[in-house]
Each structure stands twice: as C-alpha cells, then as structure tokens.
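Visitor: The following file, final30.txt, comprises compact mmCIF, C-alpha atoms:
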```txt
# COMPACT_ATOMS: atom_id res chain seq x y z
CA MET A 26 0.00 0.00 0.00
CA GLN A 27 2.67 2.48 1.07
CA LEU A 28 4.96 1.24 -1.64
CA ARG A 29 2.31 1.83 -4.26
CA LEU A 30 1.85 5.34 -2.91
CA LEU A 31 5.58 5.83 -3.27
CA ALA A 32 5.49 4.73 -6.88
CA SER A 33 2.51 6.94 -7.63
CA LEU A 34 4.30 9.92 -6.10
CA CYS A 35 7.30 9.27 -8.31
CA CYS A 36 5.14 9.28 -11.41
CA LEU A 37 3.11 12.26 -10.20
CA VAL A 38 6.20 14.46 -9.89
CA LEU A 39 7.30 13.60 -13.41
CA ALA A 40 3.77 14.08 -14.74
CA ILE A 41 3.56 17.53 -13.14
CA CYS A 42 6.90 18.45 -14.71
CA TYR A 43 5.61 17.38 -18.09
CA LEU A 44 2.15 18.95 -17.83
CA ALA A 45 3.57 22.20 -16.53
CA THR A 46 5.72 22.46 -19.61
CA ALA A 47 3.24 21.19 -22.18
CA ARG A 48 1.58 24.58 -22.37
CA THR A 49 4.78 26.37 -23.20
CA THR A 50 5.47 24.78 -26.57
CA ALA A 51 6.09 28.12 -28.23
CA PRO A 52 8.23 30.39 -26.09
CA ALA A 53 6.57 33.71 -26.81
CA TRP A 54 8.82 35.85 -24.66
CA GLY A 55 11.77 37.39 -26.42
CA ASN A 56 15.16 37.31 -24.81
CA ALA A 57 16.28 40.62 -26.26
CA GLY A 58 15.00 43.18 -23.81
CA ARG A 59 14.83 40.89 -20.80
CA GLN A 60 17.33 40.60 -18.08
CA ILE A 61 18.04 36.92 -17.94
CA HIS A 62 20.97 34.75 -16.99
CA VAL A 63 23.55 34.51 -19.72
CA PHE A 64 23.58 30.73 -19.48
CA SER A 65 19.79 30.54 -19.72
CA ALA A 66 19.80 32.85 -22.69
CA VAL A 67 22.34 30.74 -24.53
CA SER A 68 20.44 27.54 -23.82
CA LEU A 69 17.21 29.15 -24.94
CA GLN A 70 18.63 30.18 -28.26
CA THR A 71 20.29 26.89 -28.93
CA GLY A 72 17.98 24.26 -27.56
CA ALA A 73 14.45 25.64 -27.53
CA SER A 74 11.76 25.15 -30.13
CA GLN A 75 12.40 21.45 -30.62
CA GLY A 76 9.57 19.30 -29.29
CA ILE A 77 9.27 18.28 -25.66
CA GLY A 78 12.95 18.80 -24.87
CA GLY A 79 12.76 22.34 -26.18
CA SER A 80 9.59 23.16 -24.29
CA LEU A 81 11.07 21.73 -21.09
CA LEU A 82 14.19 23.83 -21.54
CA ALA A 83 12.10 26.90 -22.27
CA PHE A 84 10.02 26.26 -19.20
CA PHE A 85 13.04 25.76 -16.98
CA SER A 86 14.79 28.86 -18.25
CA ARG A 87 11.66 30.88 -17.51
CA LEU A 88 11.57 29.22 -14.09
CA GLY A 89 15.21 30.16 -13.60
CA ASP A 90 14.39 33.78 -14.30
CA SER A 91 11.64 33.92 -11.71
CA SER A 92 12.36 35.96 -8.61
CA TRP A 93 11.58 32.86 -6.56
CA SER A 94 14.38 30.90 -8.22
CA VAL A 95 16.88 33.76 -8.13
CA GLY A 96 16.02 34.37 -4.48
CA LEU A 97 16.66 30.72 -3.55
CA HIS A 98 19.85 30.66 -5.55
CA GLU A 99 21.30 33.82 -4.13
CA SER A 100 20.12 33.66 -0.54
CA ARG A 101 22.78 33.29 2.09
CA TYR A 102 21.20 30.44 4.03
CA ALA A 103 18.06 29.13 2.31
CA TYR A 104 19.84 26.92 -0.20
CA ASP A 105 22.21 25.46 2.39
CA LEU A 106 19.35 24.84 4.81
CA ILE A 107 17.24 23.09 2.20
CA GLU A 108 20.21 20.98 1.16
CA SER A 109 20.82 20.02 4.80
CA VAL A 110 17.17 18.96 5.11
CA HIS A 111 17.60 16.94 1.90
CA VAL A 112 20.65 15.17 3.34
CA TRP A 113 19.12 14.58 6.78
CA THR A 114 15.98 13.12 5.23
CA LEU A 115 18.18 10.86 3.12
CA THR A 116 19.00 8.96 6.31
CA LEU A 117 15.28 8.57 7.03
CA PHE A 118 14.21 7.58 3.53
CA PHE A 119 17.26 5.80 2.12
CA GLY A 120 18.33 4.33 5.47
CA LEU A 121 14.98 2.70 6.22
CA ALA A 122 14.43 1.67 2.59
CA VAL A 123 17.82 -0.07 2.72
CA MET A 124 16.84 -1.85 5.93
CA PHE A 125 13.68 -3.10 4.22
CA ASP A 126 15.65 -4.23 1.16
CA LEU A 127 18.13 -6.01 3.41
CA ARG A 128 15.22 -7.82 5.08
CA LEU A 129 13.95 -8.88 1.65
CA LEU A 130 17.42 -10.23 0.91
CA GLY A 131 17.41 -12.08 4.24
CA TRP A 132 20.46 -10.15 5.46
CA THR A 133 18.98 -8.54 8.58
CA MET A 134 16.02 -8.84 10.97
CA ARG A 135 15.53 -12.42 9.78
CA THR A 136 13.14 -13.27 12.59
CA VAL A 137 10.87 -10.26 11.98
CA PRO A 138 7.96 -10.97 9.58
CA VAL A 139 8.36 -9.09 6.31
CA SER A 140 4.82 -7.70 6.50
CA GLU A 141 5.65 -6.31 9.94
CA VAL A 142 8.74 -4.51 8.64
CA SER A 143 6.71 -3.24 5.72
CA ARG A 144 3.80 -2.03 7.84
CA ARG A 145 5.95 -0.39 10.51
CA LEU A 146 8.87 1.05 8.58
CA LEU A 147 7.57 1.90 5.12
CA PRO A 148 5.22 4.67 6.33
CA TRP A 149 8.40 6.42 7.56
CA THR A 150 10.01 6.04 4.17
CA VAL A 151 6.89 7.60 2.61
CA VAL A 152 7.24 10.60 4.95
CA GLY A 153 10.94 10.75 4.06
CA PHE A 154 10.20 10.48 0.35
CA VAL A 155 7.70 13.34 0.44
CA VAL A 156 10.23 15.59 2.21
CA MET A 157 12.92 14.48 -0.25
CA VAL A 158 10.73 15.36 -3.23
CA ILE A 159 9.76 18.76 -1.81
CA SER A 160 13.31 19.74 -0.78
CA GLY A 161 14.72 18.27 -3.99
CA THR A 162 12.23 20.23 -6.11
CA LEU A 163 13.25 23.41 -4.27
CA LEU A 164 16.92 22.69 -4.94
CA PHE A 165 16.08 22.10 -8.59
CA THR A 166 14.05 25.32 -8.73
CA ALA A 167 17.06 27.27 -7.51
CA ILE A 168 19.19 26.15 -10.49
CA PRO A 169 16.74 24.72 -13.04
CA VAL A 170 18.49 25.02 -16.40
CA ARG A 171 21.84 23.78 -15.19
CA SER A 172 20.20 20.87 -13.35
CA TYR A 173 18.04 19.96 -16.32
CA GLN A 174 21.10 19.78 -18.55
CA ASN A 175 23.15 17.95 -15.94
CA ILE A 176 24.01 14.38 -16.90
CA PHE A 177 23.89 13.14 -13.30
CA PHE A 178 20.52 14.77 -12.68
CA ARG A 179 19.12 13.04 -15.76
CA THR A 180 20.61 9.70 -14.66
CA LYS A 181 19.07 10.20 -11.25
CA MET A 182 15.59 10.92 -12.64
CA ILE A 183 15.66 7.88 -14.91
CA MET A 184 16.74 5.66 -12.04
CA LEU A 185 14.02 7.15 -9.84
CA LEU A 186 11.51 6.01 -12.44
CA LEU A 187 13.06 2.55 -12.54
CA ALA A 188 13.01 2.36 -8.74
CA GLY A 189 9.31 3.33 -8.80
CA LEU A 190 8.68 0.66 -11.41
CA ASN A 191 10.48 -1.91 -9.27
CA VAL A 192 8.31 -0.96 -6.28
CA TRP A 193 5.19 -1.38 -8.39
CA ILE A 194 6.25 -4.77 -9.79
CA PHE A 195 7.18 -6.02 -6.33
CA HIS A 196 3.87 -4.94 -4.88
CA SER A 197 1.64 -6.23 -7.62
CA GLY A 198 3.62 -9.47 -7.81
CA VAL A 199 5.33 -11.45 -5.09
CA TYR A 200 4.20 -9.20 -2.23
CA ARG A 201 0.56 -10.13 -2.85
CA ARG A 202 1.45 -13.63 -1.63
CA VAL A 203 3.43 -12.36 1.36
CA ALA A 204 1.28 -14.44 3.74
CA THR A 205 2.95 -17.58 2.36
CA TRP A 206 6.53 -16.38 2.97
CA ASP A 207 6.08 -13.75 5.68
CA VAL A 208 8.18 -15.45 8.34
CA ALA A 209 10.76 -17.00 6.00
CA SER A 210 14.21 -15.86 7.13
CA VAL A 211 15.21 -15.74 3.47
CA PRO A 212 12.28 -14.65 1.25
CA PRO A 213 11.60 -16.25 -2.19
CA ARG A 214 13.73 -15.41 -5.20
CA ALA A 215 11.37 -12.81 -6.68
CA ALA A 216 11.37 -10.85 -3.42
CA ARG A 217 15.16 -11.06 -3.15
CA VAL A 218 15.53 -9.81 -6.71
CA ALA A 219 13.22 -6.87 -5.94
CA GLY A 220 15.18 -6.09 -2.77
CA GLY A 221 18.53 -6.34 -4.57
CA LEU A 222 17.36 -4.19 -7.49
CA SER A 223 15.93 -1.60 -5.13
CA LEU A 224 19.20 -1.51 -3.18
CA VAL A 225 21.30 -1.05 -6.31
CA LEU A 226 18.96 1.60 -7.76
CA TRP A 227 18.78 3.68 -4.57
CA VAL A 228 22.55 3.50 -4.14
CA CYS A 229 23.00 4.75 -7.71
CA ILE A 230 20.40 7.48 -7.10
CA VAL A 231 22.31 8.73 -4.05
CA LEU A 232 25.64 8.56 -5.91
CA SER A 233 24.37 10.41 -8.96
CA GLY A 234 22.55 12.91 -6.73
CA ARG A 235 25.81 13.77 -5.01
CA MET A 236 27.54 14.13 -8.39
CA ILE A 237 25.06 16.75 -9.66
CA ALA A 238 27.21 19.26 -7.78
CA TYR A 239 30.14 18.72 -10.16
CA ASN A 240 30.32 20.47 -13.51
CA TRP A 241 32.58 18.09 -15.48
CA PHE A 242 29.94 17.53 -18.17
CA ASP A 243 28.17 20.88 -18.00
CA CYS A 244 26.97 22.56 -21.18
CA ASP A 245 29.06 25.68 -20.57
CA ARG A 246 32.24 23.61 -20.32
CA GLN A 247 33.17 22.78 -23.88
CA PRO A 248 34.58 20.90 -25.67
CA GLN A 249 32.72 17.78 -24.56
CA ARG A 250 32.41 14.50 -26.36
CA PRO A 251 29.42 14.43 -28.77
CA ILE A 252 27.80 11.69 -26.71
CA VAL A 253 27.89 13.92 -23.61
CA ASN A 254 26.31 16.84 -25.47
CA PHE A 255 23.69 14.48 -26.85
CA LEU A 256 22.85 13.12 -23.41
CA THR A 257 22.63 16.59 -21.88
CA SER A 258 20.69 18.08 -24.87
CA CYS A 259 23.45 20.64 -25.13
CA VAL A 260 24.10 22.48 -28.37
CA PRO A 261 27.67 23.74 -28.12
CA GLY A 262 29.07 26.62 -30.10
CA GLN A 263 27.31 29.57 -28.60
CA SER A 264 27.97 28.24 -25.12
CA GLU A 265 31.70 28.68 -25.64
CA GLU A 266 31.37 32.42 -25.86
CA HIS A 267 31.57 32.84 -22.12
CA MET B 29 53.93 18.63 18.48
CA SER B 30 50.81 20.72 18.62
CA LEU B 31 47.49 19.69 17.14
CA LEU B 32 47.97 22.16 14.32
CA ASP B 33 51.36 20.59 13.53
CA PHE B 34 49.67 17.22 13.33
CA PHE B 35 47.04 18.61 10.94
CA HIS B 36 49.84 20.10 8.84
CA TRP B 37 51.54 16.72 8.73
CA CYS B 38 48.24 15.06 7.66
CA GLU B 39 47.78 17.56 4.87
CA GLN B 40 51.25 16.74 3.53
CA THR B 41 50.86 12.98 3.38
CA GLY B 42 51.07 11.37 -0.05
CA ILE B 43 47.47 10.16 0.18
CA GLY B 44 46.12 13.65 0.87
CA ASP B 45 48.20 15.00 -1.96
CA THR B 46 46.96 12.36 -4.42
CA ILE B 47 43.34 13.11 -3.56
CA ARG B 48 43.92 16.87 -3.93
CA ARG B 49 45.53 16.47 -7.33
CA SER B 50 42.75 14.30 -8.73
CA SER B 51 39.59 15.94 -10.01
CA TRP B 52 37.39 12.90 -9.35
CA LEU B 53 38.85 11.12 -6.27
CA PHE B 54 37.40 13.55 -3.74
CA PRO B 55 33.87 13.49 -5.23
CA VAL B 56 33.86 9.69 -5.46
CA ILE B 57 35.11 9.20 -1.89
CA GLU B 58 32.61 11.77 -0.69
CA ALA B 59 29.73 10.02 -2.49
CA ILE B 60 30.66 6.72 -0.79
CA HIS B 61 30.84 8.62 2.50
CA LEU B 62 27.27 9.79 1.85
CA LEU B 63 26.09 6.22 1.21
CA GLY B 64 27.61 5.23 4.55
CA LEU B 65 25.64 8.03 6.18
CA GLY B 66 22.42 6.65 4.72
CA VAL B 67 23.07 3.12 5.99
CA ILE B 68 24.06 4.38 9.45
CA GLY B 69 20.82 6.37 9.41
CA GLY B 70 18.81 3.23 8.74
CA ALA B 71 20.58 1.13 11.38
CA VAL B 72 20.26 3.88 13.99
CA LEU B 73 16.64 4.76 13.21
CA VAL B 74 15.36 1.19 13.31
CA VAL B 75 16.50 0.98 16.93
CA ASP B 76 15.72 4.57 17.96
CA LEU B 77 12.22 4.56 16.48
CA ARG B 78 11.59 1.36 18.47
CA LEU B 79 12.82 3.04 21.65
CA LEU B 80 10.49 5.96 20.94
CA GLY B 81 7.60 3.49 20.74
CA LEU B 82 7.32 3.89 16.97
CA GLY B 83 8.40 1.68 14.11
CA LEU B 84 8.76 -2.04 14.86
CA ARG B 85 6.91 -1.97 18.18
CA ARG B 86 6.24 -5.70 18.47
CA GLN B 87 9.90 -6.68 18.45
CA PRO B 88 12.08 -6.33 21.54
CA ALA B 89 14.53 -3.44 21.19
CA ALA B 90 17.39 -5.75 22.16
CA GLN B 91 16.68 -8.01 19.19
CA LEU B 92 16.49 -5.08 16.74
CA ALA B 93 19.72 -3.65 18.14
CA ARG B 94 21.41 -7.01 17.64
CA ASP B 95 20.10 -7.27 14.07
CA ALA B 96 21.14 -3.73 13.18
CA GLN B 97 24.54 -3.87 14.88
CA PRO B 98 26.60 -5.38 12.02
CA TRP B 99 25.22 -2.76 9.64
CA LEU B 100 25.84 0.04 12.10
CA ILE B 101 29.43 -1.01 12.74
CA GLY B 102 30.09 -1.84 9.10
CA SER B 103 28.87 1.51 7.82
CA LEU B 104 30.63 3.30 10.68
CA LEU B 105 33.91 1.72 9.57
CA LEU B 106 33.20 2.66 5.95
CA MET B 107 32.53 6.24 7.03
CA MET B 108 35.69 6.41 9.11
CA MET B 109 37.81 5.13 6.24
CA THR B 110 36.31 7.44 3.61
CA GLY B 111 36.11 10.29 6.12
CA GLY B 112 39.77 9.75 7.02
CA LEU B 113 40.75 10.02 3.36
CA LEU B 114 38.72 13.19 2.91
CA PHE B 115 40.32 14.57 6.07
CA LEU B 116 43.84 13.92 4.78
CA SER B 117 43.08 15.93 1.66
CA GLU B 118 42.00 19.09 3.49
CA SER B 119 43.21 18.89 7.10
CA ILE B 120 44.20 22.55 7.44
CA LYS B 121 40.86 23.83 6.15
CA LEU B 122 39.12 21.53 8.63
CA TYR B 123 41.29 22.71 11.53
CA TYR B 124 39.86 26.19 11.12
CA HIS B 125 36.29 25.07 10.36
CA GLU B 126 33.99 25.08 13.40
CA ALA B 127 31.56 22.66 11.69
CA PHE B 128 34.35 20.03 11.66
CA TRP B 129 34.88 20.31 15.42
CA PHE B 130 31.13 20.27 15.99
CA LYS B 131 30.92 17.10 13.92
CA MET B 132 33.82 15.37 15.69
CA THR B 133 32.38 16.22 19.11
CA SER B 134 28.94 14.91 18.09
CA LEU B 135 30.54 11.78 16.63
CA LEU B 136 32.48 11.02 19.80
CA LEU B 137 29.41 11.58 21.97
CA ALA B 138 27.18 9.55 19.60
CA ILE B 139 29.54 6.56 19.58
CA VAL B 140 30.09 6.60 23.35
CA PHE B 141 26.37 7.06 24.00
CA THR B 142 25.32 4.28 21.60
CA PHE B 143 27.74 1.68 22.93
CA THR B 144 27.39 2.46 26.64
CA ILE B 145 24.22 4.14 27.91
CA GLN B 146 21.95 3.13 25.06
CA ARG B 147 23.17 -0.45 25.11
CA LYS B 148 22.58 -0.68 28.88
CA VAL B 149 19.06 0.71 28.57
CA ILE B 150 18.22 -1.66 25.71
CA LEU B 151 19.56 -4.69 27.55
CA ALA B 152 17.65 -3.72 30.70
CA GLY B 153 14.48 -4.18 28.66
CA GLU B 154 11.12 -2.54 29.08
CA THR B 155 10.22 -4.30 32.28
CA ARG B 156 12.92 -2.88 34.51
CA LEU B 157 12.90 0.71 33.28
CA ARG B 158 10.21 3.31 33.09
CA PRO B 159 9.19 3.70 29.44
CA VAL B 160 10.10 7.37 29.48
CA TRP B 161 13.80 6.45 29.73
CA SER B 162 13.66 4.45 26.53
CA LYS B 163 12.13 7.44 24.80
CA VAL B 164 14.74 9.84 26.16
CA VAL B 165 17.56 7.53 25.06
CA GLY B 166 16.04 7.13 21.57
CA LEU B 167 15.65 10.88 21.18
CA VAL B 168 19.16 11.70 22.44
CA SER B 169 20.60 9.12 20.05
CA ILE B 170 18.75 10.61 17.07
CA LEU B 171 19.89 14.13 18.04
CA LEU B 172 23.54 13.13 18.46
CA TRP B 173 23.71 11.23 15.15
CA SER B 174 21.87 14.07 13.42
CA GLY B 175 24.52 16.43 14.76
CA VAL B 176 27.17 14.31 13.04
CA GLY B 177 25.34 14.38 9.71
CA ILE B 178 24.42 18.06 9.79
CA GLY B 179 27.90 19.06 10.98
CA GLY B 180 29.30 17.06 8.07
CA ARG B 181 27.07 18.76 5.54
CA TRP B 182 28.06 22.18 6.91
CA ILE B 183 31.74 21.44 6.41
CA GLY B 184 30.96 21.76 2.72
CA PHE B 185 29.48 25.23 3.12
CA SER B 186 31.98 27.95 3.70
```
Here is the file; what I need is its structure written in the form of structure tokens.
Guide:
Amino acid sequence: MQLRLLASLCCLVLAICYLATARTTAPAWGNAGRQIHVFSAVSLQTGASQGIGGSLLAFFSRLGDSSWSVGLHESRYAYDLIESVHVWTLTLFFGLAVMFDLRLLGWTMRTVPVSEVSRRLLPWTVVGFVVMVISGTLLFTAIPVRSYQNIFFRTKMIMLLLAGLNVWIFHSGVYRRVATWDVASVPPRAARVAGGLSLVLWVCIVLSGRMIAYNWFDCDRQPQRPIVNFLTSCVPGQSEEH
Amino acid sequence: MSLLDFFHWCEQTGIGDTIRRSSWLFPVIEAIHLLGLGVIGGAVLVVDLRLLGLGLRRQPAAQLARDAQPWLIGSLLLMMMTGGLLFLSESIKLYYHEAFWFKMTSLLLAIVFTFTIQRKVILAGETRLRPVWSKVVGLVSILLWSGVGIGGRWIGFS
C-alpha cells in the first residue's frame, strides 16, 4: 500500500513536470530586452523550439528567471538549509528503505515478519520520500536550467523512475502472496531480486545525486564529447562564448 | 607537536596529496561517504524509532539492536575510512572550520552514547525501566547522530 503510494508519487512528480511544460510549446517571450541569466539565454537560443525537450528547456529557463528561483539561488542560508534537510531526510528515507531491502534479501532482521517490517517502517520512508521530493524540487528550482542539462541529474531521474517501477512490480507481484513467505528468514527469489534491485537503484540514485554538484559535463564547459552533449541536450558553439 | 602541527603533517601525506591532485577522487570518496551516512541512518533509526515506541513496536529493542549492529558497525567503519581520506586531503581547512569540530564532538558523543548508555538501557528491557527512559535515550541518540550528519554537511558550506 505504502509502496504503491511511493510509486505513484514518483510518477506524479514527473507528470507535473511534463504537464507544466506542455503549455509552453512556443516560447513567446523574447530574450532581447529581458534581463536573464547569460547561461539561460544561450540555452534558450540553442535548444528551444524542438519538441518536448525544447519546451522543457524553455520552461526551466523561464523558471530560472523567476524571482523565486533567483532568491533561492542567491540567498545566504536558504539553499544550504534546504540541502541540509535533503541530506538529513536521506538517512530517514534511504536508510529505512535499505533496511527493508536487506530484510527482503534475508540479510537482517531475519526473525521479523516481512509484512511487519513493511507495515511499521515503510510509512516512515513515505514521509521521508515526500520531504525528499519537496526539498529536492526546491533545490532544482534554484538552479533549473543547469540541473536539467546535468548528466547526473538526468541519470538520477531515470533511475528514480526505474526504482518506482520496481516498487510497483514487487507490490503487484510477489508481495501479494506475502502471507505464504512472511516469516521465512530468506524470502523467495522474486522478493530477493526486488530487494537487490531496489538496493542497487537507490545506491545509484544517491551517488548520482551527489555528483550533480560537479560540472565536469556541463553545457558551458566545452569541448565535450558528442555523446555527452547528446545526453545533456546541449548544443555547443554559442555556449563557448563565455 | 601541537594539534595544528599534526594537521599540517596530515595535509602533507602522499594520500592527501593524491586526492587533492585528482579531479574525481574527492567526489567519489565523498559520495561513498554519503552512502555510509544513509546506511548508518537506517541502522540507527530502526533501533531509535523502536525506543520511541514507533516503528517495529512488536519486536524487543534488544533483538532489533542485535540485528542492526553489524550494519551500524560496518557503515561506521566505511565512514571512518572514507572520512579519514577526505580529512587527509583538506586537514588545514578543517582545523579552522567550526563545523568540523562540531561534527567530531557529536561523533564522539554519539559513539560513546550508543555503545554504553543506550546499550545498557536496551539490555535492561522494558520491564525494569520506566518507558520514558527508553524514549529519552532514543531521542538523544537521534539528536547526536543528526549532529554528526548536519555538521558534516556544513563542512561543505563555507
């Protein structure tokens, strides 16, 4: 139940991102007379106007120009505080999710019924996940264009989707029959696979999340390999001007 | 040899130098350090939530503590190794950073508290102690470990 909620939340966030941008297919605002970030301006000229990617980029560069975003980005403490909340909540969400995965693998709490761990711990991971999504969205809002074109951010989002998918498969599959293996110290293969996959995915999500901070593959750092520019939807050339 | 001399010596070790020269070693070690933090968080919270009367309420706290212990100690060792490497690469900066000293103090208190007072209270069980003591111990533990994590995050902000 909680796990399904978690998966739905994952999808909801992505759906909101998409819907919010669907209306901005044609960026009507000109960048001539407006005071906008140089980086946003460059990205707008180079990447916009091409399908969903372009509308997303246009939306995020408009978001980046909002006073809300600039305020978050430039404030002395807000960004650091939000990031600290994001890291603290990581221990709540990731830590307890890992404990549940380890139980599925039969590596800890082997005498505690799986349904008990699920019922008692997963609500906490849902609370943690909600705080993670809110604080993470705020962090994204502070630096939207750069984050959107960041290779690690993109990796993280894709893996978040996969993790949500894994949760959904686990819950609509082997977990429906949990009554038959609830007290098994080592759960059946399907449950172990779900636990192992979840563990690997969340570890990769944390790793790639941490790496977003580094600009090795950023659009304004050229030359990059073509594959990098492809993966970050970056059109070099004009970006090199600054 | 003063403490500052020792920090100077740390900064000049070959390991610290190698990490400083590399563009990716520090980020990678730091990311592993962060993973360790997450696992410690899980191992600590499973026990502390139980002490607070939340989480896995039907299991005895002593059993949960025993189950979580290998993961707590394992991730603690991982954090100390990765943290030690990070320390070697920027000892002097850390010497002058109050967040570092806040973190080290919290860490020392958290470790001592977890393996002495908290362990005693858990082993005493619910029958011999008033429930309020379990709650106090769970809360203090969460606060101390949080201090370590938050102090660590604030080392990165200057």
Visitor: At a cut-off of 8 Å, which residues of chain B touch chain A? Count only C-alpha atoms and give the answer as a PDB file with C-alpha atoms, keeping the file's coordinate frame.
Guide:
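And here's part.pdb as it stands now:
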```
ATOM      1  CA  PRO B  55      33.870  13.490  -5.230  1.00  0.00           C
ATOM      2  CA  ALA B  59      29.730  10.020  -2.490  1.00  0.00           C
ATOM      3  CA  ILE B  60      30.660   6.720  -0.790  1.00  0.00           C
ATOM      4  CA  LEU B  62      27.270   9.790   1.850  1.00  0.00           C
ATOM      5  CA  LEU B  63      26.090   6.220   1.210  1.00  0.00           C
ATOM      6  CA  LEU B  65      25.640   8.030   6.180  1.00  0.00           C
ATOM      7  CA  GLY B  66      22.420   6.650   4.720  1.00  0.00           C
ATOM      8  CA  VAL B  67      23.070   3.120   5.990  1.00  0.00           C
ATOM      9  CA  ILE B  68      24.060   4.380   9.450  1.00  0.00           C
ATOM     10  CA  GLY B  69      20.820   6.370   9.410  1.00  0.00           C
ATOM     11  CA  GLY B  70      18.810   3.230   8.740  1.00  0.00           C
ATOM     12  CA  ALA B  71      20.580   1.130  11.380  1.00  0.00           C
ATOM     13  CA  LEU B  73      16.640   4.760  13.210  1.00  0.00           C
ATOM     14  CA  VAL B  74      15.360   1.190  13.310  1.00  0.00           C
ATOM     15  CA  LEU B  82       7.320   3.890  16.970  1.00  0.00           C
ATOM     16  CA  GLY B  83       8.400   1.680  14.110  1.00  0.00           C
ATOM     17  CA  LEU B  84       8.760  -2.040  14.860  1.00  0.00           C
ATOM     18  CA  ARG B  85       6.910  -1.970  18.180  1.00  0.00           C
ATOM     19  CA  GLN B  87       9.900  -6.680  18.450  1.00  0.00           C
ATOM     20  CA  LEU B  92      16.490  -5.080  16.740  1.00  0.00           C
ATOM     21  CA  ASP B  95      20.100  -7.270  14.070  1.00  0.00           C
ATOM     22  CA  ALA B  96      21.140  -3.730  13.180  1.00  0.00           C
ATOM     23  CA  SER B 174      21.870  14.070  13.420  1.00  0.00           C
ATOM     24  CA  GLY B 177      25.340  14.380   9.710  1.00  0.00           C
ATOM     25  CA  ILE B 178      24.420  18.060   9.790  1.00  0.00           C
ATOM     26  CA  ARG B 181      27.070  18.760   5.540  1.00  0.00           C
ATOM     27  CA  TRP B 182      28.060  22.180   6.910  1.00  0.00           C
ATOM     28  CA  PHE B 185      29.480  25.230   3.120  1.00  0.00           C
TER      29      PHE B 185
END
```
Visitor: Measure the distance from CA of Ala90 in chain B to CA of Ile150 in chain B in Å and round it to one decimal.
Guide: 5.5 Å
Visitor: Residues of range 102-217 of chain A that approach range 251-254 of chain A to 10 Å or less, counting all atoms listed in the file: could you list each one with the shortest pair of atoms and its distance in Å to one decimal, rows by chain and increasing residue number, as a Markdown table?
Guide:
```
| residue | atom | partner | partner_atom | distance |
| --- | --- | --- | --- | --- |
| A:Gln174 | CA | A:Asn254 | CA | 9.1 |
| A:Asn175 | CA | A:Val253 | CA | 9.9 |
| A:Ile176 | CA | A:Val253 | CA | 7.8 |
```
Visitor: In Å, rounded to a single decimal, give me how far CA of Leu185 in chain A is from CA of Arg214 in chain A.
Guide: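 Taking CA of Arg214 in chain A and CA of Leu185 in chain A, their separation equals 23.0 Å.
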Visitor: In Å to one decimal, how far is CA of His98 in chain A from CA of Arg48 in chain B?
Guide: 27.8 Å
Visitor: If we count only C-alpha atoms, what is near Arg171 in chain A at a cut-off of 10 Å, once residues fewer than 2 positions away on the same chain are taken out, given as a list in words?
Guide: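 Once the adjacent positions are removed, what remains is Phe64, Ser65, Ser68, Leu82, Phe85, Ser86, Gly89, Phe165, Ala167, Ile168, Pro169, Tyr173, Gln174, Asn175, Ile176, Phe178, Ile237, Asn240, Asp243, Cys244, Asp245 and Thr257 of chain A.
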Visitor: With all atoms listed in the file as the counted atoms, please give the residues lying no more than 9 Å from Glu39 in chain B, apart from itself and same-chain residues fewer than 6 positions off, as a PyMOL selection string.
Guide: chain B and resi 45+115-120
Visitor: Given the selection you just returned, output its residues as a file containing C-alpha atoms, formatted as a compact mmCIF listing (two decimals), in the frame of the given file.
Guide:
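What follows is the written file selection16.txt:
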```
# COMPACT_ATOMS: atom_id res chain seq x y z
CA ASP B 45 48.20 15.00 -1.96
CA PHE B 115 40.32 14.57 6.07
CA LEU B 116 43.84 13.92 4.78
CA SER B 117 43.08 15.93 1.66
CA GLU B 118 42.00 19.09 3.49
CA SER B 119 43.21 18.89 7.10
CA ILE B 120 44.20 22.55 7.44
```
Visitor: For a quick check of understanding, using all atoms listed in the file, which of B:Val176, B:Leu167, B:Leu106, B:Ile145 has the smallest distance to Arg78 in chain B?
Guide: B:Leu167
Visitor: For range 108-114 of chain B, what centre and edge lengths in Å (one decimal) does the axis-aligned box get once 4 Å is added on each side of all its listed atoms, as AutoDock Vina command-line options?
Guide:
```
--center_x 38.2 --center_y 9.2 --center_z 6.0 --size_x 13.1 --size_y 16.1 --size_z 14.2
```
Visitor: With distances taken over only C-alpha atoms, which of B:Leu79, B:Ile47, B:Met107, B:Leu113 is nearest to Pro159 in chain B?
Guide: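 Selected residue with least distance to Pro159 in chain B: B:Leu79.
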Visitor: Under the rule that all atoms listed in the file are counted, which of B:Ile183, B:Cys38, B:Val56, B:Val168 is the nearest residue to His125 in chain B?
Guide: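 Result for the nearest residue to His125 in chain B: B:Ile183.
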Visitor: Looking at B:Ile57, B:Gln40, B:Gly184, B:Ala93, which one is nearest to Leu114 in chain B, with distances taken over only C-alpha atoms?
Guide: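 With only C-alpha atoms as the atom set, the closest residue is B:Ile57.
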Visitor: Could you pull the residues within 8 Å of Ala219 in chain A, counting only C-alpha atoms, minus those fewer than 6 positions along the same chain, as a PyMOL selection string?
Guide: chain A and resi 126+129+191-192+195
Visitor: Could you tell me, as JSON, numbers by chain, which residues have any atom at most 9 Å from (16.7, 7.0, 21.1), counting all atoms listed in the file?
Guide: {"B": [72, 73, 75, 76, 77, 78, 79, 80, 146, 162, 163, 164, 165, 166, 167, 168, 169, 170, 171]}
